[in-house]
Amino acid sequence: MKVAIKRASADSLQGADEFRNEIELLSRVHHRNLLGLIGFCFEEGEQMLVYEFMPNGTMRESLSGTHFLEGKTLRPTYIHWI
């Protein structure tokens, strides 16, 4: 299984309480368009979140149309909020 790791930067101002709240929120949110939270690490000052891996670039690249797949630029994806 491939995973994606989100690691807090060394100069992050997020404290232990905020990190715990983020984990609690993400563990409760389930939607077909969101990656699932698999786990986390909070040891020796490290704050990391472990997500399901989604291939083919970042959301920013997909939304901006700058994502490349097999040499072709993909069209921007539009999100419609309800």
# chains A, B, ... in the order shown; residues from 1 in each chain; ligands from 1
>>> residues_around(residues="segment 20-26 of chain A", least_positions_apart="6", cutoff="12 Å", atoms="only C-alpha atoms", output="short mmCIF file (atom, residue, chain, number, x, y, z; two decimals) with N, CA and C atoms, in the first residue's frame")
data_model
loop_
_atom_site.label_atom_id
_atom_site.label_comp_id
_atom_site.auth_asym_id
_atom_site.auth_seq_id
_atom_site.Cartn_x
_atom_site.Cartn_y
_atom_site.Cartn_z
N GLN A 14 1.78 25.16 15.21
CA GLN A 14 0.70 24.29 15.66
C GLN A 14 1.18 23.49 16.87
N LEU A 34 -12.51 12.79 -0.76
CA LEU A 34 -11.42 13.11 0.17
C LEU A 34 -10.59 11.87 0.45
N LEU A 35 -9.31 12.05 0.59
CA LEU A 35 -8.44 10.94 0.94
C LEU A 35 -8.65 10.59 2.40
N GLY A 36 -8.56 9.30 2.70
CA GLY A 36 -8.74 8.85 4.07
C GLY A 36 -7.48 8.99 4.89
N LEU A 37 -7.66 9.37 6.15
CA LEU A 37 -6.55 9.43 7.09
C LEU A 37 -6.28 8.02 7.59
N ILE A 38 -5.07 7.53 7.40
CA ILE A 38 -4.70 6.18 7.81
C ILE A 38 -4.09 6.18 9.20
N GLY A 39 -3.29 7.19 9.49
CA GLY A 39 -2.63 7.24 10.79
C GLY A 39 -1.90 8.55 11.00
N PHE A 40 -1.16 8.61 12.10
CA PHE A 40 -0.43 9.83 12.43
C PHE A 40 0.78 9.48 13.27
N CYS A 41 1.69 10.45 13.41
CA CYS A 41 2.86 10.32 14.27
C CYS A 41 2.99 11.61 15.06
N PHE A 42 3.17 11.47 16.35
CA PHE A 42 3.41 12.63 17.20
C PHE A 42 4.43 12.22 18.25
N GLN A 47 5.23 16.04 13.88
CA GLN A 47 3.79 15.96 13.63
C GLN A 47 3.60 15.54 12.18
N MET A 48 3.11 14.31 12.00
CA MET A 48 2.91 13.79 10.65
C MET A 48 1.54 13.14 10.55
N LEU A 49 0.91 13.33 9.39
CA LEU A 49 -0.35 12.68 9.08
C LEU A 49 -0.11 11.72 7.92
N VAL A 50 -0.71 10.54 7.97
CA VAL A 50 -0.53 9.53 6.93
C VAL A 50 -1.86 9.34 6.22
N TYR A 51 -1.85 9.59 4.91
CA TYR A 51 -3.06 9.50 4.10
C TYR A 51 -2.94 8.39 3.06
#
>>> residues_around(residues="Met54 of chain A", least_positions_apart="2", cutoff="9 Å", atoms="only C-alpha atoms", output="PDB file with C-alpha atoms, in the first residue's frame")
ATOM      1  CA  LYS A   2       1.316   3.419  -0.970  1.00  0.00           C
ATOM      2  CA  VAL A   3       0.787   6.292   1.430  1.00  0.00           C
ATOM      3  CA  ALA A   4       1.267  10.048   1.409  1.00  0.00           C
ATOM      4  CA  LEU A  35      -8.436  10.944   0.940  1.00  0.00           C
ATOM      5  CA  TYR A  51      -3.060   9.503   4.096  1.00  0.00           C
ATOM      6  CA  GLU A  52      -4.064   7.163   1.315  1.00  0.00           C
ATOM      7  CA  ASN A  56      -1.067  11.799 -10.707  1.00  0.00           C
ATOM      8  CA  GLY A  57      -0.006  14.945  -8.898  1.00  0.00           C
ATOM      9  CA  THR A  58      -1.468  17.394  -6.447  1.00  0.00           C
TER      10      THR A  58
END
>>> atom_distance(atom1="atom CA of Asp17 of chain A", atom2="atom CA of Val29 of chain A")
18.6 Å
>>> select_by_dssp(residues="segment 4-74 of chain A", states="strand (DSSP E or B)", output="PyMOL selection string")
chain A and resi 4-7+37-41+48-52+68-69+72-73
>>> atom_distance(atom1="atom CA of Arg7 of chain A", atom2="atom CA of Glu46 of chain A")
7.7 Å
